[in-house]
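Chemist: Here you go, data07.cif (mmCIF, N, CA and C atoms):
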```
data_work
#
loop_
_atom_site.group_PDB
_atom_site.id
_atom_site.type_symbol
_atom_site.label_atom_id
_atom_site.label_comp_id
_atom_site.auth_asym_id
_atom_site.auth_seq_id
_atom_site.Cartn_x
_atom_site.Cartn_y
_atom_site.Cartn_z
ATOM 1 N N MET A 1 77.284 343.764 -164.139
ATOM 2 C CA MET A 1 78.262 343.030 -164.900
ATOM 3 C C MET A 1 79.203 344.009 -165.583
ATOM 4 N N ASN A 2 80.456 343.646 -165.600
ATOM 5 C CA ASN A 2 81.460 344.514 -166.180
ATOM 6 C C ASN A 2 81.888 343.970 -167.540
ATOM 7 N N ASP A 3 81.121 344.290 -168.573
ATOM 8 C CA ASP A 3 81.393 343.801 -169.921
ATOM 9 C C ASP A 3 82.775 344.232 -170.410
ATOM 10 N N ARG A 4 83.130 345.441 -170.109
ATOM 11 C CA ARG A 4 84.399 345.984 -170.575
ATOM 12 C C ARG A 4 85.586 345.192 -170.027
ATOM 13 N N LYS A 5 85.525 344.849 -168.761
ATOM 14 C CA LYS A 5 86.594 344.091 -168.112
ATOM 15 C C LYS A 5 86.724 342.699 -168.733
ATOM 16 N N ILE A 6 85.611 342.067 -169.016
ATOM 17 C CA ILE A 6 85.618 340.733 -169.621
ATOM 18 C C ILE A 6 86.188 340.802 -171.035
ATOM 19 N N LYS A 7 85.753 341.772 -171.829
ATOM 20 C CA LYS A 7 86.239 341.908 -173.200
ATOM 21 C C LYS A 7 87.731 342.200 -173.235
ATOM 22 N N LEU A 8 88.198 343.032 -172.318
ATOM 23 C CA LEU A 8 89.618 343.353 -172.253
ATOM 24 C C LEU A 8 90.437 342.117 -171.895
ATOM 25 N N ALA A 9 90.003 341.357 -170.901
ATOM 26 C CA ALA A 9 90.724 340.144 -170.500
ATOM 27 C C ALA A 9 90.747 339.126 -171.634
ATOM 28 N N LEU A 10 89.649 339.002 -172.347
ATOM 29 C CA LEU A 10 89.573 338.072 -173.464
ATOM 30 C C LEU A 10 90.512 338.509 -174.592
ATOM 31 N N THR A 11 90.513 339.780 -174.902
ATOM 32 C CA THR A 11 91.378 340.303 -175.959
ATOM 33 C C THR A 11 92.847 340.116 -175.621
ATOM 34 N N VAL A 12 93.233 340.457 -174.396
ATOM 35 C CA VAL A 12 94.628 340.314 -173.974
ATOM 36 C C VAL A 12 95.039 338.844 -173.982
ATOM 37 N N GLY A 13 94.177 337.975 -173.496
ATOM 38 C CA GLY A 13 94.483 336.557 -173.494
ATOM 39 C C GLY A 13 94.676 335.997 -174.892
ATOM 40 N N LEU A 14 93.856 336.443 -175.828
ATOM 41 C CA LEU A 14 93.985 335.984 -177.210
ATOM 42 C C LEU A 14 95.235 336.548 -177.872
ATOM 43 N N LEU A 15 95.573 337.785 -177.565
ATOM 44 C CA LEU A 15 96.789 338.383 -178.131
ATOM 45 C C LEU A 15 98.047 337.711 -177.594
ATOM 46 N N ASN A 16 98.015 337.255 -176.360
ATOM 47 C CA ASN A 16 99.178 336.616 -175.738
ATOM 48 C C ASN A 16 99.262 335.125 -176.021
ATOM 49 N N ARG A 17 98.354 334.617 -176.808
ATOM 50 C CA ARG A 17 98.327 333.184 -177.126
ATOM 51 C C ARG A 17 99.573 332.786 -177.907
ATOM 52 N N GLU A 18 100.214 331.737 -177.437
ATOM 53 C CA GLU A 18 101.373 331.195 -178.139
ATOM 54 C C GLU A 18 100.877 330.303 -179.276
ATOM 55 N N PRO A 19 101.469 330.431 -180.457
ATOM 56 C CA PRO A 19 101.049 329.574 -181.574
ATOM 57 C C PRO A 19 101.209 328.087 -181.214
ATOM 58 N N GLY A 20 100.180 327.316 -181.468
ATOM 59 C CA GLY A 20 100.217 325.888 -181.189
ATOM 60 C C GLY A 20 99.997 325.518 -179.729
ATOM 61 N N GLN A 21 99.778 326.502 -178.863
ATOM 62 C CA GLN A 21 99.626 326.249 -177.433
ATOM 63 C C GLN A 21 98.355 325.459 -177.136
ATOM 64 N N GLU A 22 97.232 325.998 -177.471
ATOM 65 C CA GLU A 22 95.949 325.324 -177.330
ATOM 66 C C GLU A 22 95.023 325.943 -178.361
ATOM 67 N N ASN A 23 93.977 325.229 -178.720
ATOM 68 C CA ASN A 23 93.128 325.812 -179.746
ATOM 69 C C ASN A 23 92.340 326.990 -179.167
ATOM 70 N N ILE A 24 91.852 327.817 -180.057
ATOM 71 C CA ILE A 24 91.211 329.070 -179.665
ATOM 72 C C ILE A 24 89.973 328.822 -178.809
ATOM 73 N N LEU A 25 89.184 327.826 -179.148
ATOM 74 C CA LEU A 25 87.964 327.560 -178.381
ATOM 75 C C LEU A 25 88.281 327.174 -176.934
ATOM 76 N N GLN A 26 89.292 326.346 -176.735
ATOM 77 C CA GLN A 26 89.694 325.974 -175.376
ATOM 78 C C GLN A 26 90.185 327.190 -174.602
ATOM 79 N N LEU A 27 90.977 328.025 -175.256
ATOM 80 C CA LEU A 27 91.511 329.218 -174.608
ATOM 81 C C LEU A 27 90.393 330.178 -174.206
ATOM 82 N N VAL A 28 89.459 330.422 -175.096
ATOM 83 C CA VAL A 28 88.345 331.329 -174.813
ATOM 84 C C VAL A 28 87.519 330.808 -173.643
ATOM 85 N N LYS A 29 87.226 329.522 -173.663
ATOM 86 C CA LYS A 29 86.454 328.917 -172.578
ATOM 87 C C LYS A 29 87.187 329.062 -171.244
ATOM 88 N N ARG A 30 88.500 328.815 -171.254
ATOM 89 C CA ARG A 30 89.307 328.940 -170.032
ATOM 90 C C ARG A 30 89.360 330.386 -169.536
ATOM 91 N N LEU A 31 89.506 331.339 -170.458
ATOM 92 C CA LEU A 31 89.562 332.752 -170.077
ATOM 93 C C LEU A 31 88.234 333.224 -169.489
ATOM 94 N N LEU A 32 87.141 332.808 -170.090
ATOM 95 C CA LEU A 32 85.830 333.230 -169.596
ATOM 96 C C LEU A 32 85.446 332.536 -168.290
ATOM 97 N N ALA A 33 86.036 331.401 -168.012
ATOM 98 C CA ALA A 33 85.759 330.700 -166.754
ATOM 99 C C ALA A 33 86.212 331.526 -165.549
ATOM 100 N N LYS A 34 87.170 332.417 -165.757
ATOM 101 C CA LYS A 34 87.641 333.293 -164.683
ATOM 102 C C LYS A 34 86.587 334.319 -164.283
ATOM 103 N N PHE A 35 85.594 334.532 -165.127
ATOM 104 C CA PHE A 35 84.542 335.507 -164.878
ATOM 105 C C PHE A 35 83.199 334.817 -164.659
ATOM 106 N N ARG A 36 83.228 333.697 -163.999
ATOM 107 C CA ARG A 36 82.022 332.893 -163.810
ATOM 108 C C ARG A 36 80.900 333.665 -163.110
ATOM 109 N N THR A 37 81.253 334.556 -162.191
ATOM 110 C CA THR A 37 80.202 335.315 -161.506
ATOM 111 C C THR A 37 79.485 336.256 -162.469
ATOM 112 N N GLU A 38 80.189 336.755 -163.493
ATOM 113 C CA GLU A 38 79.573 337.645 -164.479
ATOM 114 C C GLU A 38 78.921 336.877 -165.620
ATOM 115 N N THR A 39 79.595 335.832 -166.111
ATOM 116 C CA THR A 39 79.094 335.119 -167.286
ATOM 117 C C THR A 39 78.099 334.021 -166.933
ATOM 118 N N GLY A 40 78.211 333.482 -165.749
ATOM 119 C CA GLY A 40 77.390 332.337 -165.370
ATOM 120 C C GLY A 40 78.078 331.052 -165.768
ATOM 121 N N SER A 41 77.394 329.973 -165.628
ATOM 122 C CA SER A 41 77.952 328.660 -165.949
ATOM 123 C C SER A 41 78.058 328.461 -167.458
ATOM 124 N N TYR A 42 79.043 327.669 -167.833
ATOM 125 C CA TYR A 42 79.223 327.305 -169.234
ATOM 126 C C TYR A 42 78.127 326.308 -169.615
ATOM 127 N N LEU A 43 77.387 326.603 -170.666
ATOM 128 C CA LEU A 43 76.279 325.752 -171.084
ATOM 129 C C LEU A 43 76.622 324.848 -172.260
ATOM 130 N N GLY A 44 77.550 325.288 -173.097
ATOM 131 C CA GLY A 44 77.921 324.447 -174.222
ATOM 132 C C GLY A 44 78.408 325.237 -175.419
ATOM 133 N N LEU A 45 78.830 324.475 -176.409
ATOM 134 C CA LEU A 45 79.382 325.013 -177.639
ATOM 135 C C LEU A 45 78.493 324.567 -178.796
ATOM 136 N N ARG A 46 78.197 325.506 -179.682
ATOM 137 C CA ARG A 46 77.425 325.185 -180.882
ATOM 138 C C ARG A 46 78.228 325.595 -182.108
ATOM 139 N N GLN A 47 78.316 324.723 -183.095
ATOM 140 C CA GLN A 47 78.926 325.114 -184.350
ATOM 141 C C GLN A 47 77.814 325.653 -185.237
ATOM 142 N N LEU A 48 77.948 326.895 -185.656
ATOM 143 C CA LEU A 48 76.906 327.562 -186.424
ATOM 144 C C LEU A 48 77.100 327.438 -187.932
ATOM 145 N N GLY A 49 78.344 327.250 -188.348
ATOM 146 C CA GLY A 49 78.587 327.159 -189.779
ATOM 147 C C GLY A 49 79.969 326.637 -190.093
ATOM 148 N N HIS A 50 80.130 326.178 -191.330
ATOM 149 C CA HIS A 50 81.411 325.673 -191.812
ATOM 150 C C HIS A 50 81.489 325.983 -193.292
ATOM 151 N N GLN A 51 82.553 326.682 -193.678
ATOM 152 C CA GLN A 51 82.695 327.090 -195.069
ATOM 153 C C GLN A 51 84.139 326.901 -195.504
ATOM 154 N N ILE A 52 84.333 326.306 -196.667
ATOM 155 C CA ILE A 52 85.678 326.161 -197.228
ATOM 156 C C ILE A 52 85.979 327.421 -198.022
ATOM 157 N N ILE A 53 87.048 328.110 -197.609
ATOM 158 C CA ILE A 53 87.431 329.360 -198.270
ATOM 159 C C ILE A 53 88.330 329.068 -199.466
ATOM 160 N N SER A 54 89.306 328.209 -199.255
ATOM 161 C CA SER A 54 90.200 327.773 -200.324
ATOM 162 C C SER A 54 90.570 326.324 -200.033
ATOM 163 N N GLY A 55 91.510 325.786 -200.783
ATOM 164 C CA GLY A 55 91.905 324.405 -200.570
ATOM 165 C C GLY A 55 92.481 324.151 -199.184
ATOM 166 N N GLN A 56 93.051 325.167 -198.560
ATOM 167 C CA GLN A 56 93.709 324.990 -197.269
ATOM 168 C C GLN A 56 93.003 325.727 -196.133
ATOM 169 N N HIS A 57 92.161 326.674 -196.444
ATOM 170 C CA HIS A 57 91.529 327.507 -195.428
ATOM 171 C C HIS A 57 90.039 327.186 -195.260
ATOM 172 N N THR A 58 89.621 327.084 -194.014
ATOM 173 C CA THR A 58 88.203 326.897 -193.710
ATOM 174 C C THR A 58 87.773 327.947 -192.691
ATOM 175 N N LEU A 59 86.526 328.325 -192.764
ATOM 176 C CA LEU A 59 85.933 329.280 -191.835
ATOM 177 C C LEU A 59 84.839 328.553 -191.060
ATOM 178 N N LYS A 60 84.980 328.521 -189.747
ATOM 179 C CA LYS A 60 83.971 327.886 -188.901
ATOM 180 C C LYS A 60 83.421 328.913 -187.935
ATOM 181 N N SER A 61 82.115 328.917 -187.777
ATOM 182 C CA SER A 61 81.439 329.825 -186.858
ATOM 183 C C SER A 61 80.951 329.040 -185.643
ATOM 184 N N TYR A 62 81.191 329.597 -184.462
ATOM 185 C CA TYR A 62 80.817 328.942 -183.217
ATOM 186 C C TYR A 62 80.091 329.913 -182.300
ATOM 187 N N ALA A 63 79.323 329.355 -181.389
ATOM 188 C CA ALA A 63 78.714 330.112 -180.301
ATOM 189 C C ALA A 63 79.034 329.371 -179.005
ATOM 190 N N LEU A 64 79.653 330.072 -178.060
ATOM 191 C CA LEU A 64 79.887 329.528 -176.729
ATOM 192 C C LEU A 64 78.818 330.119 -175.832
ATOM 193 N N ASP A 65 77.981 329.272 -175.300
ATOM 194 C CA ASP A 65 76.853 329.720 -174.496
ATOM 195 C C ASP A 65 77.161 329.636 -173.009
ATOM 196 N N PHE A 66 76.854 330.727 -172.311
ATOM 197 C CA PHE A 66 76.953 330.815 -170.867
ATOM 198 C C PHE A 66 75.584 331.268 -170.358
ATOM 199 N N ASP A 67 75.369 331.222 -169.061
ATOM 200 C CA ASP A 67 74.076 331.634 -168.503
ATOM 201 C C ASP A 67 73.702 333.060 -168.905
ATOM 202 N N CYS A 68 74.669 333.972 -168.847
ATOM 203 C CA CYS A 68 74.380 335.395 -169.070
ATOM 204 C C CYS A 68 74.929 335.943 -170.381
ATOM 205 N N TYR A 69 75.755 335.200 -171.073
ATOM 206 C CA TYR A 69 76.396 335.680 -172.290
ATOM 207 C C TYR A 69 76.432 334.591 -173.344
ATOM 208 N N THR A 70 76.510 335.021 -174.580
ATOM 209 C CA THR A 70 76.851 334.147 -175.695
ATOM 210 C C THR A 70 77.981 334.821 -176.443
ATOM 211 N N LEU A 71 79.030 334.076 -176.684
ATOM 212 C CA LEU A 71 80.168 334.584 -177.436
ATOM 213 C C LEU A 71 80.147 333.934 -178.805
ATOM 214 N N ASN A 72 79.967 334.741 -179.845
ATOM 215 C CA ASN A 72 79.971 334.259 -181.227
ATOM 216 C C ASN A 72 81.333 334.575 -181.826
ATOM 217 N N LEU A 73 81.941 333.581 -182.462
ATOM 218 C CA LEU A 73 83.220 333.834 -183.095
ATOM 219 C C LEU A 73 83.381 333.002 -184.347
ATOM 220 N N ASP A 74 84.125 333.573 -185.283
ATOM 221 C CA ASP A 74 84.472 332.899 -186.527
ATOM 222 C C ASP A 74 85.966 332.627 -186.491
ATOM 223 N N ILE A 75 86.338 331.401 -186.796
ATOM 224 C CA ILE A 75 87.740 331.001 -186.769
ATOM 225 C C ILE A 75 88.142 330.539 -188.159
ATOM 226 N N VAL A 76 89.243 331.105 -188.664
ATOM 227 C CA VAL A 76 89.806 330.682 -189.938
ATOM 228 C C VAL A 76 90.948 329.721 -189.615
ATOM 229 N N SER A 77 90.871 328.520 -190.172
ATOM 230 C CA SER A 77 91.894 327.500 -189.951
ATOM 231 C C SER A 77 92.668 327.269 -191.237
ATOM 232 N N ASN A 78 93.978 327.138 -191.103
ATOM 233 C CA ASN A 78 94.846 326.836 -192.229
ATOM 234 C C ASN A 78 95.364 325.417 -192.031
ATOM 235 N N ALA A 79 94.952 324.509 -192.889
ATOM 236 C CA ALA A 79 95.321 323.103 -192.741
ATOM 237 C C ALA A 79 96.794 322.850 -193.044
ATOM 238 N N SER A 80 97.399 323.660 -193.894
ATOM 239 C CA SER A 80 98.781 323.395 -194.283
ATOM 240 C C SER A 80 99.778 323.671 -193.163
ATOM 241 N N ASP A 81 99.546 324.712 -192.365
ATOM 242 C CA ASP A 81 100.472 324.981 -191.262
ATOM 243 C C ASP A 81 99.813 324.850 -189.887
ATOM 244 N N ASN A 82 98.578 324.348 -189.869
ATOM 245 C CA ASN A 82 97.854 324.053 -188.620
ATOM 246 C C ASN A 82 97.729 325.287 -187.715
ATOM 247 N N THR A 83 97.340 326.424 -188.299
ATOM 248 C CA THR A 83 97.158 327.650 -187.517
ATOM 249 C C THR A 83 95.682 328.045 -187.520
ATOM 250 N N GLU A 84 95.328 328.834 -186.516
ATOM 251 C CA GLU A 84 93.973 329.364 -186.391
ATOM 252 C C GLU A 84 94.055 330.858 -186.126
ATOM 253 N N SER A 85 93.096 331.582 -186.654
ATOM 254 C CA SER A 85 92.988 333.005 -186.345
ATOM 255 C C SER A 85 91.512 333.369 -186.264
ATOM 256 N N ILE A 86 91.237 334.399 -185.467
ATOM 257 C CA ILE A 86 89.857 334.832 -185.286
ATOM 258 C C ILE A 86 89.505 335.853 -186.352
ATOM 259 N N ASN A 87 88.399 335.625 -187.020
ATOM 260 C CA ASN A 87 87.912 336.541 -188.037
ATOM 261 C C ASN A 87 86.863 337.492 -187.460
ATOM 262 N N ARG A 88 86.036 337.003 -186.526
ATOM 263 C CA ARG A 88 84.977 337.813 -185.914
ATOM 264 C C ARG A 88 84.797 337.361 -184.482
ATOM 265 N N LEU A 89 84.612 338.331 -183.614
ATOM 266 C CA LEU A 89 84.380 338.055 -182.197
ATOM 267 C C LEU A 89 83.259 338.979 -181.749
ATOM 268 N N GLU A 90 82.140 338.383 -181.341
ATOM 269 C CA GLU A 90 80.961 339.168 -180.973
ATOM 270 C C GLU A 90 80.461 338.676 -179.624
ATOM 271 N N PHE A 91 80.437 339.572 -178.676
ATOM 272 C CA PHE A 91 80.078 339.234 -177.312
ATOM 273 C C PHE A 91 78.678 339.759 -177.048
ATOM 274 N N GLU A 92 77.747 338.869 -176.815
ATOM 275 C CA GLU A 92 76.348 339.249 -176.659
ATOM 276 C C GLU A 92 75.865 338.940 -175.249
ATOM 277 N N SER A 93 75.378 339.972 -174.581
ATOM 278 C CA SER A 93 74.803 339.788 -173.252
ATOM 279 C C SER A 93 73.361 339.342 -173.402
ATOM 280 N N LEU A 94 73.025 338.207 -172.826
ATOM 281 C CA LEU A 94 71.668 337.695 -172.939
ATOM 282 C C LEU A 94 70.670 338.571 -172.181
ATOM 283 N N VAL A 95 71.142 339.267 -171.170
ATOM 284 C CA VAL A 95 70.276 340.157 -170.402
ATOM 285 C C VAL A 95 69.776 341.276 -171.305
ATOM 286 N N THR A 96 70.670 341.879 -172.104
ATOM 287 C CA THR A 96 70.255 342.955 -172.995
ATOM 288 C C THR A 96 69.493 342.399 -174.195
ATOM 289 N N ALA A 97 69.817 341.177 -174.619
ATOM 290 C CA ALA A 97 69.130 340.602 -175.764
ATOM 291 C C ALA A 97 67.661 340.338 -175.447
ATOM 292 N N TYR A 98 67.369 339.915 -174.238
ATOM 293 C CA TYR A 98 65.974 339.672 -173.860
ATOM 294 C C TYR A 98 65.214 340.964 -173.583
ATOM 295 N N ALA A 99 65.936 342.010 -173.179
ATOM 296 C CA ALA A 99 65.280 343.273 -172.856
ATOM 297 C C ALA A 99 64.864 344.029 -174.117
ATOM 298 N N ALA A 100 65.506 343.739 -175.247
ATOM 299 C CA ALA A 100 65.221 344.481 -176.480
ATOM 300 C C ALA A 100 63.921 344.071 -177.111
#
```
Kindly transcribe the structure held in the file into structure tokens.
Modeler:
Amino acid sequence: MNDRKIKLALTVGLLNREPGQENILQLVKRLLAKFRTETGSYLGLRQLGHQIISGQHTLKSYALDFDCYTLNLDIVSNASDNTESINRLEFESLVTAYAA
């Protein structure tokens, strides 16, 4: 598996995201679908946490599960201007997680 290639494609795709185009979770899922042979099938989305930062900002933590990978990310949402930004992006290979 080429972790570096997947991380680079994901980073470039997120940097090229047009504001208001699609939400971050949809974009990430679509970008990772291009690497189905490396990541495996999409298994589902889990919301890990939800925290109100201020009156307009919320922090939500998600895990996108695939056969071979789990992508953990934190998204900060601004309700006043309807924008999202990534606070944390952690790519975990399940193969290495089980081997440890």
Chemist: Atom N of Lys34 (chain A) and atom N of Asn82 (chain A) are how many Å apart?
Modeler: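 Computing it gives 27.9 Å between the two atoms.
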Chemist: Specify as a list in words each residue included when the PyMOL selection byres ((chain A and resi 80) around 8) is applied to this file.
Modeler: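 This file, filtered by the PyMOL selection byres ((chain A and resi 80) around 8), leaves Gly55, Gln56, His57, Ser77, Asn78, Ala79, Asp81, Asn82 and Thr83 of chain A.
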Chemist: The selected residues should be written to file as an mmCIF file, in the coordinates of the input (atoms: N, CA and C atoms).
Modeler:
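Output file selection19.cif follows:
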```cif
data_model
loop_
_atom_site.group_PDB
_atom_site.id
_atom_site.type_symbol
_atom_site.label_atom_id
_atom_site.label_comp_id
_atom_site.auth_asym_id
_atom_site.auth_seq_id
_atom_site.Cartn_x
_atom_site.Cartn_y
_atom_site.Cartn_z
ATOM 1 N N GLY A 55 91.510 325.786 -200.783
ATOM 2 C CA GLY A 55 91.905 324.405 -200.570
ATOM 3 C C GLY A 55 92.481 324.151 -199.184
ATOM 4 N N GLN A 56 93.051 325.167 -198.560
ATOM 5 C CA GLN A 56 93.709 324.990 -197.269
ATOM 6 C C GLN A 56 93.003 325.727 -196.133
ATOM 7 N N HIS A 57 92.161 326.674 -196.444
ATOM 8 C CA HIS A 57 91.529 327.507 -195.428
ATOM 9 C C HIS A 57 90.039 327.186 -195.260
ATOM 10 N N SER A 77 90.871 328.520 -190.172
ATOM 11 C CA SER A 77 91.894 327.500 -189.951
ATOM 12 C C SER A 77 92.668 327.269 -191.237
ATOM 13 N N ASN A 78 93.978 327.138 -191.103
ATOM 14 C CA ASN A 78 94.846 326.836 -192.229
ATOM 15 C C ASN A 78 95.364 325.417 -192.031
ATOM 16 N N ALA A 79 94.952 324.509 -192.889
ATOM 17 C CA ALA A 79 95.321 323.103 -192.741
ATOM 18 C C ALA A 79 96.794 322.850 -193.044
ATOM 19 N N ASP A 81 99.546 324.712 -192.365
ATOM 20 C CA ASP A 81 100.472 324.981 -191.262
ATOM 21 C C ASP A 81 99.813 324.850 -189.887
ATOM 22 N N ASN A 82 98.578 324.348 -189.869
ATOM 23 C CA ASN A 82 97.854 324.053 -188.620
ATOM 24 C C ASN A 82 97.729 325.287 -187.715
ATOM 25 N N THR A 83 97.340 326.424 -188.299
ATOM 26 C CA THR A 83 97.158 327.650 -187.517
ATOM 27 C C THR A 83 95.682 328.045 -187.520
#
```
Chemist: For Asn2 (chain A), please output as a list in words all residues within 10 Å (counting only C-alpha atoms; exclusion window: fewer than 6 positions along the same chain).
Modeler: Phe35, Glu38 and Thr39 of chain A
Chemist: Find the spatial neighbours of Leu43 (chain A), counting only C-alpha atoms, within a cut-off of 12 Å - ignore same-chain residues fewer than 6 positions away - and output them as a list in words.
Modeler: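 Result of the neighbour search: Lys29, Ala33, Arg36, Ala63, Leu64, Asp65, Phe66, Asp67, Cys68, Tyr69, Thr70 and Leu71 of chain A.
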Chemist: Would you be able to write out as a PyMOL selection string which residues have an atom within 12 Å of (94.2, 339.7, -172.3) in the file's coordinates, counting only C-alpha atoms?
Modeler: chain A and resi 4-17+27-28+31-32+34
Chemist: Okay, now the selection with N, CA and C atoms, as a PDB file, in the frame of the given file?
Modeler:
```
ATOM      1  N   ARG A   4      83.130 345.441-170.109  1.00  0.00           N
ATOM      2  CA  ARG A   4      84.399 345.984-170.575  1.00  0.00           C
ATOM      3  C   ARG A   4      85.586 345.192-170.027  1.00  0.00           C
ATOM      4  N   LYS A   5      85.525 344.849-168.761  1.00  0.00           N
ATOM      5  CA  LYS A   5      86.594 344.091-168.112  1.00  0.00           C
ATOM      6  C   LYS A   5      86.724 342.699-168.733  1.00  0.00           C
ATOM      7  N   ILE A   6      85.611 342.067-169.016  1.00  0.00           N
ATOM      8  CA  ILE A   6      85.618 340.733-169.621  1.00  0.00           C
ATOM      9  C   ILE A   6      86.188 340.802-171.035  1.00  0.00           C
ATOM     10  N   LYS A   7      85.753 341.772-171.829  1.00  0.00           N
ATOM     11  CA  LYS A   7      86.239 341.908-173.200  1.00  0.00           C
ATOM     12  C   LYS A   7      87.731 342.200-173.235  1.00  0.00           C
ATOM     13  N   LEU A   8      88.198 343.032-172.318  1.00  0.00           N
ATOM     14  CA  LEU A   8      89.618 343.353-172.253  1.00  0.00           C
ATOM     15  C   LEU A   8      90.437 342.117-171.895  1.00  0.00           C
ATOM     16  N   ALA A   9      90.003 341.357-170.901  1.00  0.00           N
ATOM     17  CA  ALA A   9      90.724 340.144-170.500  1.00  0.00           C
ATOM     18  C   ALA A   9      90.747 339.126-171.634  1.00  0.00           C
ATOM     19  N   LEU A  10      89.649 339.002-172.347  1.00  0.00           N
ATOM     20  CA  LEU A  10      89.573 338.072-173.464  1.00  0.00           C
ATOM     21  C   LEU A  10      90.512 338.509-174.592  1.00  0.00           C
ATOM     22  N   THR A  11      90.513 339.780-174.902  1.00  0.00           N
ATOM     23  CA  THR A  11      91.378 340.303-175.959  1.00  0.00           C
ATOM     24  C   THR A  11      92.847 340.116-175.621  1.00  0.00           C
ATOM     25  N   VAL A  12      93.233 340.457-174.396  1.00  0.00           N
ATOM     26  CA  VAL A  12      94.628 340.314-173.974  1.00  0.00           C
ATOM     27  C   VAL A  12      95.039 338.844-173.982  1.00  0.00           C
ATOM     28  N   GLY A  13      94.177 337.975-173.496  1.00  0.00           N
ATOM     29  CA  GLY A  13      94.483 336.557-173.494  1.00  0.00           C
ATOM     30  C   GLY A  13      94.676 335.997-174.892  1.00  0.00           C
ATOM     31  N   LEU A  14      93.856 336.443-175.828  1.00  0.00           N
ATOM     32  CA  LEU A  14      93.985 335.984-177.210  1.00  0.00           C
ATOM     33  C   LEU A  14      95.235 336.548-177.872  1.00  0.00           C
ATOM     34  N   LEU A  15      95.573 337.785-177.565  1.00  0.00           N
ATOM     35  CA  LEU A  15      96.789 338.383-178.131  1.00  0.00           C
ATOM     36  C   LEU A  15      98.047 337.711-177.594  1.00  0.00           C
ATOM     37  N   ASN A  16      98.015 337.255-176.360  1.00  0.00           N
ATOM     38  CA  ASN A  16      99.178 336.616-175.738  1.00  0.00           C
ATOM     39  C   ASN A  16      99.262 335.125-176.021  1.00  0.00           C
ATOM     40  N   ARG A  17      98.354 334.617-176.808  1.00  0.00           N
ATOM     41  CA  ARG A  17      98.327 333.184-177.126  1.00  0.00           C
ATOM     42  C   ARG A  17      99.573 332.786-177.907  1.00  0.00           C
ATOM     43  N   LEU A  27      90.977 328.025-175.256  1.00  0.00           N
ATOM     44  CA  LEU A  27      91.511 329.218-174.608  1.00  0.00           C
ATOM     45  C   LEU A  27      90.393 330.178-174.206  1.00  0.00           C
ATOM     46  N   VAL A  28      89.459 330.422-175.096  1.00  0.00           N
ATOM     47  CA  VAL A  28      88.345 331.329-174.813  1.00  0.00           C
ATOM     48  C   VAL A  28      87.519 330.808-173.643  1.00  0.00           C
ATOM     49  N   LEU A  31      89.506 331.339-170.458  1.00  0.00           N
ATOM     50  CA  LEU A  31      89.562 332.752-170.077  1.00  0.00           C
ATOM     51  C   LEU A  31      88.234 333.224-169.489  1.00  0.00           C
ATOM     52  N   LEU A  32      87.141 332.808-170.090  1.00  0.00           N
ATOM     53  CA  LEU A  32      85.830 333.230-169.596  1.00  0.00           C
ATOM     54  C   LEU A  32      85.446 332.536-168.290  1.00  0.00           C
ATOM     55  N   LYS A  34      87.170 332.417-165.757  1.00  0.00           N
ATOM     56  CA  LYS A  34      87.641 333.293-164.683  1.00  0.00           C
ATOM     57  C   LYS A  34      86.587 334.319-164.283  1.00  0.00           C
TER      58      LYS A  34
END
```
Chemist: Figure out the distance between CA of Phe91 (chain A) and CA of Ser54 (chain A), please, to one decimal in Å.
Modeler: 27.6 Å
Chemist: Mind checking DSSP for chain A and telling me the strand (DSSP E) residues as a PyMOL selection string?
Modeler: chain A and resi 42-52+57-66+69-78+83-93
Chemist: Could you give me, as a ChimeraX atom specification, the residues that have an atom at most 8 Å away from the point (85.9, 334.3, -191.5) in the coordinates of the file, using only N, CA and C atoms?
Modeler: /A:58-61,73-77,85-88
Chemist: Mind checking DSSP for chain A and telling me the alpha helix (DSSP H) residues as a ChimeraX atom specification?
Modeler: /A:3-15,24-33,36-39,94-99
Chemist: Expressed in Å to a single decimal, how great is the separation between atom C of Leu45 (chain A) and CA of Glu18 (chain A)?
Modeler: 23.8 Å
Chemist: Would you compute the box with edges along x, y and z of the file around region 77-89 of chain A, including every atom the file lists for it and 3 Å extra on each side, and give its centre and edge lengths in Å to one decimal, as AutoDock Vina command-line options?
Modeler:
```
--center_x 91.9 --center_y 330.9 --center_z -188.0 --size_x 23.2 --size_y 22.1 --size_z 18.5
```
Chemist: Given only C-alpha atoms as the basis, pick out the residue of A:Glu84, A:Tyr62, A:Leu89, A:Tyr42 nearest to Pro19 (chain A).
Modeler: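 Looking at the shortest contact to Pro19 (chain A), the residue is A:Glu84.
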